[in-house]
$ cat final.tsv   # TSV, C-alpha atoms
chain	number	residue	atom	x	y	z
A	237	MET	CA	0.00	0.00	0.00
A	238	MET	CA	1.31	3.41	-0.91
A	239	GLN	CA	2.65	5.27	2.08
A	240	ILE	CA	1.35	8.77	2.45
A	241	LYS	CA	4.02	10.90	4.03
A	242	VAL	CA	2.42	12.80	6.85
A	243	GLN	CA	2.19	15.99	4.83
A	244	GLN	CA	-0.13	18.71	5.90
A	245	PHE	CA	-2.73	19.08	3.20
A	246	GLU	CA	-4.54	22.39	2.92
A	247	GLY	CA	-7.75	20.70	2.04
A	248	PRO	CA	-9.41	17.54	0.75
A	249	LEU	CA	-9.13	18.51	-2.91
A	250	ALA	CA	-5.40	19.10	-2.57
A	251	LEU	CA	-5.05	15.68	-0.97
A	252	LEU	CA	-7.21	13.96	-3.56
A	253	LEU	CA	-5.32	15.55	-6.42
A	254	GLU	CA	-1.98	14.54	-4.91
A	255	LEU	CA	-3.11	10.94	-4.45
A	256	ILE	CA	-4.32	10.68	-8.03
A	257	GLU	CA	-1.20	12.29	-9.48
A	258	GLN	CA	1.08	10.13	-7.34
A	259	GLN	CA	-0.39	7.15	-9.15
A	260	LYS	CA	-0.06	8.96	-12.48
A	261	LEU	CA	-3.76	8.57	-13.11
A	262	ASP	CA	-6.19	10.76	-14.98
A	263	ILE	CA	-8.98	12.48	-13.12
A	264	THR	CA	-11.82	10.05	-13.67
A	265	ALA	CA	-14.47	8.46	-11.50
A	266	VAL	CA	-12.47	5.24	-11.65
A	267	SER	CA	-9.21	6.71	-10.41
A	268	ILE	CA	-11.06	8.61	-7.71
A	269	ALA	CA	-12.58	5.34	-6.51
A	270	HIS	CA	-9.11	3.81	-6.62
A	271	VAL	CA	-7.59	6.25	-4.15
A	272	THR	CA	-10.57	6.29	-1.78
A	273	GLU	CA	-8.94	3.95	0.70
A	274	GLN	CA	-5.79	6.06	1.06
A	275	PHE	CA	-7.91	9.17	1.37
A	276	LEU	CA	-9.87	7.61	4.22
A	277	ASP	CA	-6.66	6.53	5.94
A	278	TYR	CA	-5.50	10.11	5.89
A	279	VAL	CA	-8.81	11.30	7.27
A	280	LYS	CA	-8.67	8.79	10.08
A	281	ASN	CA	-5.22	10.08	10.98
A	282	LEU	CA	-6.51	13.63	10.81
A	283	GLN	CA	-9.28	12.84	13.23
A	284	GLU	CA	-6.73	12.28	15.94
A	285	LYS	CA	-4.26	15.00	15.09
A	286	ASN	CA	-6.23	17.93	13.77
A	287	PRO	CA	-10.01	17.81	13.99
A	288	VAL	CA	-10.47	21.43	12.94
A	289	ASN	CA	-10.49	20.86	9.16
A	290	LEU	CA	-12.13	17.49	9.49
A	291	ALA	CA	-15.58	18.60	8.37
A	292	ASP	CA	-14.25	19.72	4.97
A	293	PHE	CA	-12.52	16.37	4.51
A	294	LEU	CA	-15.57	14.39	5.54
A	295	ILE	CA	-17.74	16.02	2.91
A	296	ILE	CA	-15.36	14.84	0.23
A	297	ALA	CA	-14.96	11.46	1.95
A	298	ALA	CA	-18.71	10.97	1.75
A	299	LYS	CA	-18.67	11.80	-1.97
A	300	LEU	CA	-15.79	9.39	-2.50
A	301	LEU	CA	-17.69	6.61	-0.81
A	302	VAL	CA	-20.68	7.24	-2.99
A	303	ILE	CA	-18.51	7.03	-6.11
A	304	LYS	CA	-16.75	3.95	-4.80
A	305	SER	CA	-19.97	2.19	-3.89
A	306	ARG	CA	-21.32	2.95	-7.32
A	307	SER	CA	-18.36	1.26	-8.88
A	308	LEU	CA	-18.84	-1.78	-6.66
A	309	LEU	CA	-22.64	-1.89	-6.71
A	310	PRO	CA	-23.77	-0.40	-10.01
A	311	ASP	CA	-27.43	-0.95	-9.18
A	312	LEU	CA	-27.27	1.06	-6.00
A	313	ASP	CA	-30.02	3.64	-6.22
A	314	LEU	CA	-29.00	6.78	-4.40
A	315	GLY	CA	-31.50	9.21	-5.78
A	316	ILE	CA	-30.65	11.92	-8.30
A	317	GLU	CA	-29.18	14.41	-5.83
A	318	GLU	CA	-26.54	12.03	-4.52
A	319	ASP	CA	-25.74	10.86	-8.02
A	320	GLU	CA	-25.02	14.36	-9.28
A	321	ALA	CA	-22.98	15.24	-6.22
A	322	ALA	CA	-20.74	12.26	-6.73
A	323	PHE	CA	-19.87	12.95	-10.33
A	324	ASP	CA	-19.47	16.67	-9.80
A	325	LEU	CA	-16.30	15.73	-7.96
A	326	THR	CA	-14.46	15.15	-11.23
A	327	GLU	CA	-15.45	18.61	-12.41
A	328	GLN	CA	-14.56	20.12	-9.07
A	329	LEU	CA	-11.11	18.53	-9.09
A	330	LEU	CA	-10.42	19.81	-12.57
A	331	ILE	CA	-11.39	23.37	-11.69
A	332	TYR	CA	-9.33	23.21	-8.52
A	333	LYS	CA	-6.34	21.98	-10.50
A	334	LYS	CA	-6.65	24.91	-12.89
A	335	TYR	CA	-6.64	27.47	-10.11
A	336	LYS	CA	-3.77	25.71	-8.47
A	337	GLU	CA	-1.88	26.18	-11.74
A	338	ALA	CA	-2.80	29.85	-11.69
A	339	SER	CA	-1.51	30.13	-8.14
A	340	LYS	CA	1.78	28.58	-9.22
A	341	TYR	CA	2.07	31.38	-11.76
A	342	LEU	CA	1.54	33.95	-9.03
A	343	LYS	CA	4.15	32.17	-6.96
A	344	ARG	CA	6.66	32.56	-9.77
A	345	LEU	CA	5.84	36.27	-9.93
A	346	ASP	CA	6.28	36.45	-6.18
A	347	GLY	CA	9.62	34.71	-6.53
A	348	ARG	CA	10.99	37.41	-8.82
A	349	ARG	CA	11.00	39.67	-5.77
A	350	LYS	CA	10.25	42.73	-7.85
A	351	GLN	CA	7.95	45.15	-6.10
A	352	SER	CA	6.78	48.75	-6.37
A	353	TRP	CA	6.38	51.31	-3.70
A	354	SER	CA	4.29	54.43	-3.57
A	355	LYS	CA	5.14	57.64	-1.91
A	356	GLU	CA	3.08	57.52	1.24
A	357	PRO	CA	2.45	53.85	1.98
A	358	GLU	CA	3.64	53.93	5.59
A	359	ILE	CA	1.22	56.63	6.61
A	360	GLU	CA	-1.65	54.81	4.99
A	361	ASN	CA	-0.76	51.57	6.65
A	362	ILE	CA	0.03	52.76	10.13
A	363	VAL	CA	-2.83	51.74	12.31
A	364	SER	CA	-3.47	54.28	14.99
A	365	PHE	CA	-5.98	54.03	17.71
A	366	THR	CA	-7.86	56.87	19.35
A	367	PRO	CA	-10.50	55.89	21.83
A	368	ASP	CA	-14.04	57.09	21.36
A	369	PRO	CA	-14.51	60.22	23.54
A	370	ASP	CA	-17.50	58.50	25.17
A	371	VAL	CA	-15.34	55.73	26.58
A	372	THR	CA	-15.28	55.51	30.37
A	373	ILE	CA	-14.07	52.85	32.72
A	374	SER	CA	-17.55	51.43	33.10
A	375	THR	CA	-18.26	51.25	29.34
A	376	LEU	CA	-14.90	49.54	28.81
A	377	HIS	CA	-15.74	47.11	31.57
A	378	LYS	CA	-19.15	46.32	30.10
A	379	THR	CA	-17.71	45.89	26.62
A	380	LEU	CA	-15.08	43.45	27.83
A	381	GLN	CA	-17.71	41.46	29.63
A	382	THR	CA	-19.82	41.23	26.48
A	383	LEU	CA	-16.72	40.21	24.54
A	384	SER	CA	-15.86	37.40	26.94
A	385	VAL	CA	-19.37	36.03	26.62
A	386	GLU	CA	-19.10	36.17	22.83
A	387	LEU	CA	-15.73	34.45	22.91
A	388	LYS	CA	-17.20	31.63	24.97
A	389	GLU	CA	-19.80	31.18	22.21
A	390	ILE	CA	-17.07	30.87	19.59
A	391	GLN	CA	-15.27	28.29	21.69
A	392	LYS	CA	-18.43	26.25	22.02
A	393	LEU	CA	-18.80	25.84	18.25
A	394	PRO	CA	-15.71	23.66	17.58
A	395	GLN	CA	-16.87	21.39	20.37
A	396	GLN	CA	-20.18	20.90	18.67
A	397	MET	CA	-18.52	20.14	15.37
A	398	MET	CA	-16.34	17.56	17.05
A	399	LYS	CA	-19.26	15.88	18.70
A	400	ARG	CA	-20.99	15.21	15.39
A	401	VAL	CA	-17.82	14.13	13.69
A	402	MET	CA	-16.81	11.58	16.30
A	403	SER	CA	-19.98	9.61	15.90
A	404	ILE	CA	-18.72	7.41	13.08
A	405	SER	CA	-16.98	5.28	15.68
A	406	GLU	CA	-20.00	5.61	17.94
A	407	LYS	CA	-22.19	4.44	15.09
A	408	ILE	CA	-19.90	1.49	14.50
A	409	GLU	CA	-20.24	0.53	18.15
A	410	GLN	CA	-23.98	1.00	17.99
A	411	ILE	CA	-24.37	-1.29	14.99
A	412	GLN	CA	-22.17	-3.94	16.52
A	413	LYS	CA	-24.13	-3.76	19.75
A	414	ILE	CA	-27.44	-4.29	17.97
A	415	LEU	CA	-26.02	-7.32	16.23
A	416	THR	CA	-24.98	-8.96	19.48
A	417	GLU	CA	-28.61	-8.82	20.51
A	418	LYS	CA	-30.24	-9.69	17.20
A	419	VAL	CA	-29.17	-12.21	14.59
A	420	GLU	CA	-29.74	-9.83	11.74
A	421	MET	CA	-31.15	-6.40	11.03
A	422	LYS	CA	-32.49	-4.49	8.07
A	423	LEU	CA	-30.83	-1.41	6.60
A	424	SER	CA	-34.18	0.31	6.41
A	425	SER	CA	-34.74	0.05	10.15
A	426	LEU	CA	-31.21	1.22	10.83
A	427	ILE	CA	-31.73	4.33	8.75
A	428	HIS	CA	-35.24	4.83	10.02
A	429	GLY	CA	-33.94	6.00	13.38
A	430	ALA	CA	-31.60	8.59	11.84
A	431	LYS	CA	-32.27	12.18	12.86
A	432	ASP	CA	-30.92	13.87	9.74
A	433	LYS	CA	-29.04	13.35	6.53
A	434	THR	CA	-25.69	13.56	8.27
A	435	GLU	CA	-26.63	10.60	10.43
A	436	VAL	CA	-27.64	8.60	7.37
A	437	ILE	CA	-24.25	9.28	5.82
A	438	VAL	CA	-22.50	8.39	9.05
A	439	THR	CA	-24.49	5.16	9.26
A	440	PHE	CA	-23.58	4.33	5.69
A	441	LEU	CA	-19.89	5.01	6.33
A	442	ALA	CA	-19.94	2.92	9.49
A	443	LEU	CA	-21.57	0.05	7.64
A	444	LEU	CA	-19.05	0.14	4.83
A	445	GLU	CA	-16.22	0.12	7.32
A	446	LEU	CA	-17.66	-2.89	9.14
A	447	ILE	CA	-18.19	-4.71	5.87
A	448	LYS	CA	-14.65	-3.92	4.80
A	449	GLN	CA	-13.31	-5.33	8.05
A	450	ARG	CA	-15.42	-8.43	7.41
A	451	ILE	CA	-17.20	-8.00	10.71
A	452	LEU	CA	-20.51	-7.87	8.84
A	453	ILE	CA	-21.96	-9.36	5.74
A	454	VAL	CA	-24.87	-7.95	3.80
A	455	ASP	CA	-27.45	-9.63	1.66
A	456	GLN	CA	-30.03	-8.42	-0.82
A	457	THR	CA	-32.48	-10.96	-2.19
A	458	GLU	CA	-33.49	-9.01	-5.26
A	459	MET	CA	-32.96	-5.62	-6.93
A	460	PHE	CA	-34.16	-2.66	-4.82
A	461	ALA	CA	-35.09	-4.95	-1.95
A	462	ASP	CA	-34.08	-4.06	1.57
A	463	ILE	CA	-30.56	-4.98	2.62
A	464	ILE	CA	-30.14	-7.51	5.43
A	465	ILE	CA	-27.16	-7.01	7.72
A	466	LYS	CA	-25.72	-10.00	9.55
A	467	LYS	CA	-22.77	-10.66	11.75
A	468	ASN	CA	-20.04	-12.51	9.92
A	469	THR	CA	-19.53	-15.86	11.55
B	281	MET	CA	-8.21	68.93	-24.35
B	282	ASP	CA	-4.96	67.96	-25.99
B	283	THR	CA	-4.09	64.39	-24.95
B	284	GLN	CA	-0.53	65.21	-23.95
B	285	LYS	CA	-1.74	67.99	-21.71
B	286	LEU	CA	-4.36	65.74	-20.15
B	287	LYS	CA	-1.87	63.00	-19.43
B	288	SER	CA	0.46	65.51	-17.91
B	289	GLN	CA	-2.24	66.90	-15.64
B	290	ILE	CA	-3.33	63.45	-14.53
B	291	LEU	CA	0.23	62.59	-13.53
B	292	SER	CA	0.71	65.80	-11.58
B	293	ILE	CA	-2.46	65.22	-9.61
B	294	LEU	CA	-1.52	61.63	-8.87
B	295	PHE	CA	1.92	62.71	-7.70
B	296	VAL	CA	0.64	65.22	-5.20
B	297	ALA	CA	-2.24	63.03	-4.04
B	298	GLY	CA	0.08	60.31	-2.81
B	299	LYS	CA	-2.75	57.87	-2.29
B	300	PRO	CA	-4.94	56.17	-4.92
B	301	VAL	CA	-7.23	58.46	-6.90
B	302	THR	CA	-10.37	57.29	-8.67
B	303	ILE	CA	-11.11	58.05	-12.29
B	304	LYS	CA	-14.28	59.73	-11.17
B	305	GLU	CA	-12.37	62.09	-8.88
B	306	LEU	CA	-10.08	63.00	-11.76
B	307	SER	CA	-13.00	63.56	-14.05
B	308	THR	CA	-14.61	65.91	-11.54
B	309	ALA	CA	-11.39	67.78	-10.73
B	310	LEU	CA	-10.37	68.29	-14.36
B	311	GLU	CA	-13.91	68.67	-15.66
B	312	ILE	CA	-13.19	66.15	-18.37
B	313	ASP	CA	-15.42	63.30	-19.55
B	314	ILE	CA	-14.66	59.94	-17.89
B	315	ASN	CA	-14.05	58.17	-21.18
B	316	GLU	CA	-11.42	60.71	-22.17
B	317	ILE	CA	-9.69	60.16	-18.85
B	318	LYS	CA	-9.80	56.38	-19.38
B	319	GLN	CA	-8.31	56.75	-22.81
B	320	ALA	CA	-5.48	58.89	-21.45
B	321	VAL	CA	-4.88	56.35	-18.69
B	322	THR	CA	-4.63	53.52	-21.21
B	323	GLU	CA	-2.05	55.47	-23.19
B	324	ILE	CA	0.02	56.29	-20.11
B	325	VAL	CA	0.04	52.65	-19.02
B	326	SER	CA	1.05	51.24	-22.37
B	327	ASN	CA	4.02	53.59	-22.71
B	328	GLN	CA	5.56	53.34	-19.29
B	329	THR	CA	7.45	50.03	-19.20
B	330	ASP	CA	10.89	51.58	-18.79
B	331	LEU	CA	10.00	54.71	-16.88
B	332	GLY	CA	11.20	55.18	-13.33
B	333	ILE	CA	7.78	56.16	-12.08
B	334	ILE	CA	4.83	54.17	-13.33
B	335	MET	CA	1.10	54.46	-12.95
B	336	LEU	CA	-0.78	51.51	-11.58
B	337	ALA	CA	-4.41	51.18	-12.68
B	338	HIS	CA	-7.06	48.74	-11.55
B	339	ASN	CA	-10.78	48.99	-10.81
B	340	ASP	CA	-10.82	52.61	-11.90
B	341	LYS	CA	-8.29	53.53	-9.23
B	342	LEU	CA	-4.89	55.00	-10.05
B	343	GLN	CA	-1.65	55.44	-8.15
B	344	LEU	CA	1.94	56.28	-8.96
B	345	ALA	CA	4.60	53.80	-7.90
B	346	THR	CA	8.24	52.96	-8.45
B	347	ASN	CA	9.12	50.70	-11.37
B	348	PRO	CA	9.44	47.16	-9.97
B	349	ASP	CA	12.46	46.58	-12.18
B	350	ASN	CA	14.26	48.97	-9.85
B	351	SER	CA	13.44	47.08	-6.66
B	352	PRO	CA	17.06	46.42	-5.70
B	353	VAL	CA	18.20	50.05	-5.84
B	354	VAL	CA	15.08	51.41	-4.20
B	355	LYS	CA	15.51	48.93	-1.42
B	356	LYS	CA	19.15	49.83	-1.04
B	357	PHE	CA	18.51	53.55	-0.85
B	358	THR	CA	15.55	53.50	1.50
B	359	SER	CA	14.91	51.33	4.48
B	360	LEU	CA	12.04	49.62	2.72
B	361	GLU	CA	11.94	45.86	3.04
B	362	LEU	CA	10.52	43.59	0.42
B	363	ARG	CA	7.10	42.43	1.45
B	364	GLU	CA	6.99	38.88	2.81
B	365	LYS	CA	6.17	36.01	0.52
B	366	LEU	CA	2.74	34.45	0.63
B	367	THR	CA	1.82	30.91	1.66
B	368	ASP	CA	0.54	28.47	-0.94
B	369	ALA	CA	-2.94	28.69	0.52
B	370	ALA	CA	-2.89	32.48	0.25
B	371	LEU	CA	-1.67	32.24	-3.34
B	372	GLU	CA	-4.51	29.86	-4.18
B	373	VAL	CA	-7.12	32.26	-2.84
B	374	LEU	CA	-5.38	35.17	-4.53
B	375	ALA	CA	-5.37	33.36	-7.88
B	376	ILE	CA	-9.09	32.73	-7.59
B	377	VAL	CA	-9.81	36.36	-6.69
B	378	LEU	CA	-7.57	37.58	-9.51
B	379	TYR	CA	-9.22	35.57	-12.23
B	380	LYS	CA	-12.79	35.58	-10.96
B	381	GLN	CA	-13.15	39.06	-9.54
B	382	PRO	CA	-15.49	40.17	-8.26
B	383	VAL	CA	-15.98	36.91	-6.39
B	384	SER	CA	-17.66	35.89	-3.13
B	385	ARG	CA	-16.17	33.86	-0.31
B	386	ALA	CA	-18.65	31.04	-1.04
B	387	GLU	CA	-17.45	30.76	-4.63
B	388	ILE	CA	-13.84	30.71	-3.45
B	389	GLU	CA	-14.59	27.97	-0.95
B	390	ASN	CA	-16.46	25.94	-3.56
B	391	ILE	CA	-13.36	25.88	-5.70
B	392	ARG	CA	-10.88	25.12	-2.93
B	393	GLY	CA	-13.05	22.74	-0.96
B	394	VAL	CA	-11.90	24.32	2.31
B	395	ASN	CA	-12.95	27.14	4.56
B	396	SER	CA	-11.05	30.18	3.35
B	397	GLN	CA	-12.15	32.71	5.92
B	398	TYR	CA	-8.81	33.14	7.65
B	399	THR	CA	-6.77	33.26	4.47
B	400	LEU	CA	-9.09	35.89	3.05
B	401	ARG	CA	-8.80	37.93	6.20
B	402	HIS	CA	-5.02	37.74	5.99
B	403	LEU	CA	-5.12	38.98	2.38
B	404	LEU	CA	-7.46	41.79	3.41
B	405	ILE	CA	-5.14	42.87	6.20
B	406	ARG	CA	-2.21	42.94	3.82
B	407	GLY	CA	-4.28	45.02	1.44
B	408	LEU	CA	-3.89	42.58	-1.44
B	409	VAL	CA	-7.64	42.19	-1.82
B	410	GLU	CA	-10.54	44.45	-0.97
B	411	ARG	CA	-14.22	43.77	-0.67
B	412	GLU	CA	-17.47	45.54	-1.26
B	413	PRO	CA	-21.10	44.50	-1.03
B	414	SER	CA	-22.61	42.91	-4.11
B	415	SER	CA	-24.97	45.20	-5.98
B	416	THR	CA	-27.51	42.40	-6.34
B	417	ASP	CA	-27.39	41.19	-2.74
B	418	ARG	CA	-26.06	43.63	-0.15
B	419	ARG	CA	-25.41	40.83	2.33
B	420	THR	CA	-22.80	39.17	0.13
B	421	MET	CA	-19.31	40.62	-0.01
B	422	LEU	CA	-17.37	40.43	-3.25
B	423	TYR	CA	-13.59	40.39	-3.37
B	424	LYS	CA	-11.25	42.04	-5.85
B	425	THR	CA	-7.50	42.52	-6.13
B	426	THR	CA	-6.02	45.94	-5.38
B	427	LEU	CA	-3.28	48.32	-6.46
B	428	GLU	CA	-1.27	46.97	-3.54
B	429	PHE	CA	-1.58	43.56	-5.20
B	430	MET	CA	0.05	44.99	-8.31
B	431	GLN	CA	2.80	46.56	-6.22
B	432	TYR	CA	3.41	43.34	-4.33
B	433	LEU	CA	3.91	41.23	-7.44
B	434	GLY	CA	5.62	43.93	-9.47
B	435	ILE	CA	2.88	44.12	-12.08
B	436	LYS	CA	2.98	47.28	-14.18
B	437	ASP	CA	-0.12	46.63	-16.23
B	438	MET	CA	-2.92	44.20	-15.48
B	439	LYS	CA	-2.93	43.33	-19.17
B	440	GLU	CA	0.50	41.71	-18.85
B	441	LEU	CA	-1.11	38.89	-16.86
B	442	PRO	CA	-1.97	35.84	-18.98
B	443	ASP	CA	-5.58	34.92	-19.68
B	444	PHE	CA	-6.90	32.19	-17.46
B	445	GLU	CA	-7.62	30.00	-20.49
B	446	GLU	CA	-4.11	30.49	-21.84
B	447	LEU	CA	-2.54	29.81	-18.45
B	448	THR	CA	-4.47	26.60	-17.86
B	449	LYS	CA	-4.81	25.23	-21.37
B	450	ASN	CA	-2.59	22.27	-20.47
B	451	ILE	CA	-4.75	21.32	-17.52
B	452	GLN	CA	-7.26	18.81	-18.74
B	453	LEU	CA	-8.67	15.61	-17.33
B	454	THR	CA	-5.47	13.88	-18.40
B	455	THR	CA	-2.28	14.26	-16.39
B	456	PRO	CA	0.26	16.78	-17.75
B	457	SER	CA	3.52	15.55	-19.27
B	458	VAL	CA	6.53	15.88	-16.96
B	459	ASP	CA	8.16	18.70	-18.88
B	460	SER	CA	5.18	20.90	-19.72
B	461	ALA	CA	6.34	24.38	-20.69
B	462	GLU	CA	5.66	27.04	-18.12
B	463	THR	CA	3.90	30.20	-19.21
B	464	PRO	CA	6.69	32.74	-19.66
B	465	LEU	CA	6.79	35.63	-17.24
B	466	ALA	CA	6.59	39.13	-18.62
B	467	VAL	CA	10.03	40.63	-18.08
$ encode --input "final.tsv" --output "C-alpha cells"
Amino acid sequence: MMQIKVQQFEGPLALLLELIEQQKLDITAVSIAHVTEQFLDYVKNLQEKNPVNLADFLIIAAKLLVIKSRSLLPDLDLGIEEDEAAFDLTEQLLIYKKYKEASKYLKRLDGRRKQSWSKEPEIENIVSFTPDPDVTISTLHKTLQTLSVELKEIQKLPQQMMKRVMSISEKIEQIQKILTEKVEMKLSSLIHGAKDKTEVIVTFLALLELIKQRILIVDQTEMFADIIIKKNT
Amino acid sequence: MDTQKLKSQILSILFVAGKPVTIKELSTALEIDINEIKQAVTEIVSNQTDLGIIMLAHNDKLQLATNPDNSPVVKKFTSLELREKLTDAALEVLAIVLYKQPVSRAEIENIRGVNSQYTLRHLLIRGLVEREPSSTDRRTMLYKTTLEFMQYLGIKDMKELPDFEELTKNIQLTTPSVDSAETPLAV
C-alpha cells in the first residue's frame, strides 16, 4: 500500500489531487474510486491529530464513498441528488487543479522579488488608535464582559462540530451492539432511526467500514429490496 | 483637451495626491469626460514600461509607484523591506480572486473545498484584496484585487497577466507531461 508521508494538506481537494497524481492517473471516476482507501486513511489520521479541518474532509470522503460504492454496486439507487454530487467531484477537481496552476504562476511572480512602492504607503498603513470620547471605565468594563461572553460562544462551536464528527466510531459501536442482541437487522430500520441526513451518511460510512473489516456481511435478495445485515460468523 | 496635456495633468495630480485616486475624482477635478480620462490612462500605461515612475491602474483607481524593475536600488537607498512572501494557501485564494473578480467567499470555498475565511482575512489585512457588497445582494461581499496587489507582485499593467484560459490550457482531465512548458513571465 502506498505510504502517504504525513504531509499537511490544505484541504481535501489538494489531498485527492496529490493521491491521483502520485499514481499517475487521470482524473476520472475510476481513479477517484481507486484512491478512496488512502484518502480515508489520511482522514482517520486527521481525526486524531487535527479535527479542525475534518468537516471539509468528511464532505469529500462521503462523496468518495458514494462514487466507490457505485463502482462496486452499479445498481445502488441513491437518488438523483446524490448521483449528481458524486460525479461533480471530477469537475470540481479539474477546476481546482486549474486554479492551483494559476496560483503557481503567481508564486513565480512572487519569486521574482520585484515590487513597487508608492510615496506615502507607511502613513496609509500605520494603524493608529484613538479611543471614542465616550469611553469611560464602566463602558470599557461592560464591553469586555460582552466580549468574553461572545468568545465563549465561539469556543463552544468547535466542540459541537467535534461531537458530530466523532460519531462514526459511535455508530460502528452502535451497529455492533445491535447485532450482538439480534441475529440480523435491516438497513431500512437502521436508517429509520436517523435524525438527519448527516446521520444517514455516518451510518452508511460505518456500515461500509464494518463490511470492509469483514465483521458484517450484507445480503439483498433481489434488486431494490431491503438490505439484510448480519454478523459474519 | 490635448491628450498630452491631459496625461500631464493626470500625472501631476496623482503625484501630489500620494494615495490612490479614482477616475471619477479625476473627471470631476479636471472637468473632463470619464471616457477621455480612461483613454489617457490607457495610453500612459502602455508607454511606461521603462520609466522610473509608473502608474498603476485597476478597478478605476490610479496610483503612482516605483518601477518594480528597480526594486534592488530602491531597497538599497531606503529602508524599505521587500514584502513577505505568501503561503501556498494564500496564493490559491489570490489566484481565484484575480481571475474571478469580483468573487464571493462562497465561490472561493467551492473551488478550494476548504474554509477560506482566515486566508481571506489575511489577504485583506495585507491590502492585497478588498471587498465591497454585491450590488444584487447587499449581504454578500465580493472580493477584488487591489493596487497593492500589483505593487506586491511587481505588475505594471494588469494586461500583462496571462488569460486564465491560456494559463491553464494544459490542464485537462489527463495528467500533464513531466516537462510541460511554463507560461513565460513578462520581463
$ interface_residues --input "final.tsv" --of "chain B" --to "chain A" --cutoff "6 Å" --atoms "all atoms listed in the file" --output "PyMOL selection string"
chain B and resi 298+345-348+351+371-372+375+391+394+431-434+448+453-455
$ atom_distance --input "final.tsv" --atom1 "atom CA of A:Ser425" --atom2 "atom CA of A:Asp277"
29.1 Å
$ closest_atom_pairs --input "final.tsv" --of "stretch 347-430 of chain B" --to "stretch 328-340 of chain B" --cutoff "8 Å" --atoms "only C-alpha atoms" --output "tab-separated table"
residue	atom	partner	partner_atom	distance
B:Asn347	CA	B:Gly332	CA	5.3
B:Asn350	CA	B:Gly332	CA	7.7
B:Thr426	CA	B:His338	CA	6.9
B:Leu427	CA	B:His338	CA	6.4
B:Met430	CA	B:Leu336	CA	7.3
$ closest_residue --input "final.tsv" --among "B:Gln381, B:Thr283, B:Thr308, B:Gln343" --to "B:Glu428" --atoms "all atoms listed in the file"
B:Gln343
$ residues_around --input "final.tsv" --residues "B:Ile293" --least-positions-apart "2" --cutoff "12 Å" --atoms "only C-alpha atoms" --output "tab-separated table (two decimals) with C-alpha atoms, in the frame of the given file"
chain	number	residue	atom	x	y	z
B	286	LEU	CA	-4.36	65.74	-20.15
B	287	LYS	CA	-1.87	63.00	-19.43
B	288	SER	CA	0.46	65.51	-17.91
B	289	GLN	CA	-2.24	66.90	-15.64
B	290	ILE	CA	-3.33	63.45	-14.53
B	291	LEU	CA	0.23	62.59	-13.53
B	295	PHE	CA	1.92	62.71	-7.70
B	296	VAL	CA	0.64	65.22	-5.20
B	297	ALA	CA	-2.24	63.03	-4.04
B	298	GLY	CA	0.08	60.31	-2.81
B	299	LYS	CA	-2.75	57.87	-2.29
B	300	PRO	CA	-4.94	56.17	-4.92
B	301	VAL	CA	-7.23	58.46	-6.90
B	302	THR	CA	-10.37	57.29	-8.67
B	303	ILE	CA	-11.11	58.05	-12.29
B	305	GLU	CA	-12.37	62.09	-8.88
B	306	LEU	CA	-10.08	63.00	-11.76
B	307	SER	CA	-13.00	63.56	-14.05
B	309	ALA	CA	-11.39	67.78	-10.73
B	310	LEU	CA	-10.37	68.29	-14.36
B	335	MET	CA	1.10	54.46	-12.95
B	342	LEU	CA	-4.89	55.00	-10.05
B	343	GLN	CA	-1.65	55.44	-8.15
B	344	LEU	CA	1.94	56.28	-8.96
$ atom_distance --input "final.tsv" --atom1 "atom CA of A:Lys466" --atom2 "atom CA of A:Ile453"
5.4 Å
$ atom_distance --input "final.tsv" --atom1 "atom CA of A:Val436" --atom2 "atom CA of A:Leu255"
27.3 Å
$ residues_around --input "final.tsv" --residues "B:Pro382" --least-positions-apart "2" --cutoff "12 Å" --atoms "all atoms listed in the file" --output "number ranges by chain"
B: 339, 374, 376-380, 384-385, 387-388, 409-415, 420-426
$ closest_residue --input "final.tsv" --among "B:Lys439, B:Arg363, B:Arg418, B:Lys449" --to "B:Thr322" --atoms "all atoms listed in the file"
B:Lys439
$ residues_around --input "final.tsv" --residues "A:Asp311" --least-positions-apart "4" --cutoff "9 Å" --atoms "only C-alpha atoms" --output "list in words"
Arg306, Met459 and Phe460 of chain A
$ residues_near_point --input "final.tsv" --point "(-22.5, 4.4, 15.1)" --cutoff "10 Å" --atoms "all atoms listed in the file" --output "PyMOL selection string"
chain A and resi 402-413+435+438-443
$ decode --input "final.tsv" --residues "stretch 289-314 of chain B" --atoms "C-alpha atoms" --output "CSV table (one decimal), in the first residue's frame"
chain,number,residue,atom,x,y,z
B,289,GLN,CA,-2.2,66.9,-15.6
B,290,ILE,CA,-3.3,63.4,-14.5
B,291,LEU,CA,0.2,62.6,-13.5
B,292,SER,CA,0.7,65.8,-11.6
B,293,ILE,CA,-2.5,65.2,-9.6
B,294,LEU,CA,-1.5,61.6,-8.9
B,295,PHE,CA,1.9,62.7,-7.7
B,296,VAL,CA,0.6,65.2,-5.2
B,297,ALA,CA,-2.2,63.0,-4.0
B,298,GLY,CA,0.1,60.3,-2.8
B,299,LYS,CA,-2.7,57.9,-2.3
B,300,PRO,CA,-4.9,56.2,-4.9
B,301,VAL,CA,-7.2,58.5,-6.9
B,302,THR,CA,-10.4,57.3,-8.7
B,303,ILE,CA,-11.1,58.0,-12.3
B,304,LYS,CA,-14.3,59.7,-11.2
B,305,GLU,CA,-12.4,62.1,-8.9
B,306,LEU,CA,-10.1,63.0,-11.8
B,307,SER,CA,-13.0,63.6,-14.1
B,308,THR,CA,-14.6,65.9,-11.5
B,309,ALA,CA,-11.4,67.8,-10.7
B,310,LEU,CA,-10.4,68.3,-14.4
B,311,GLU,CA,-13.9,68.7,-15.7
B,312,ILE,CA,-13.2,66.1,-18.4
B,313,ASP,CA,-15.4,63.3,-19.5
B,314,ILE,CA,-14.7,59.9,-17.9
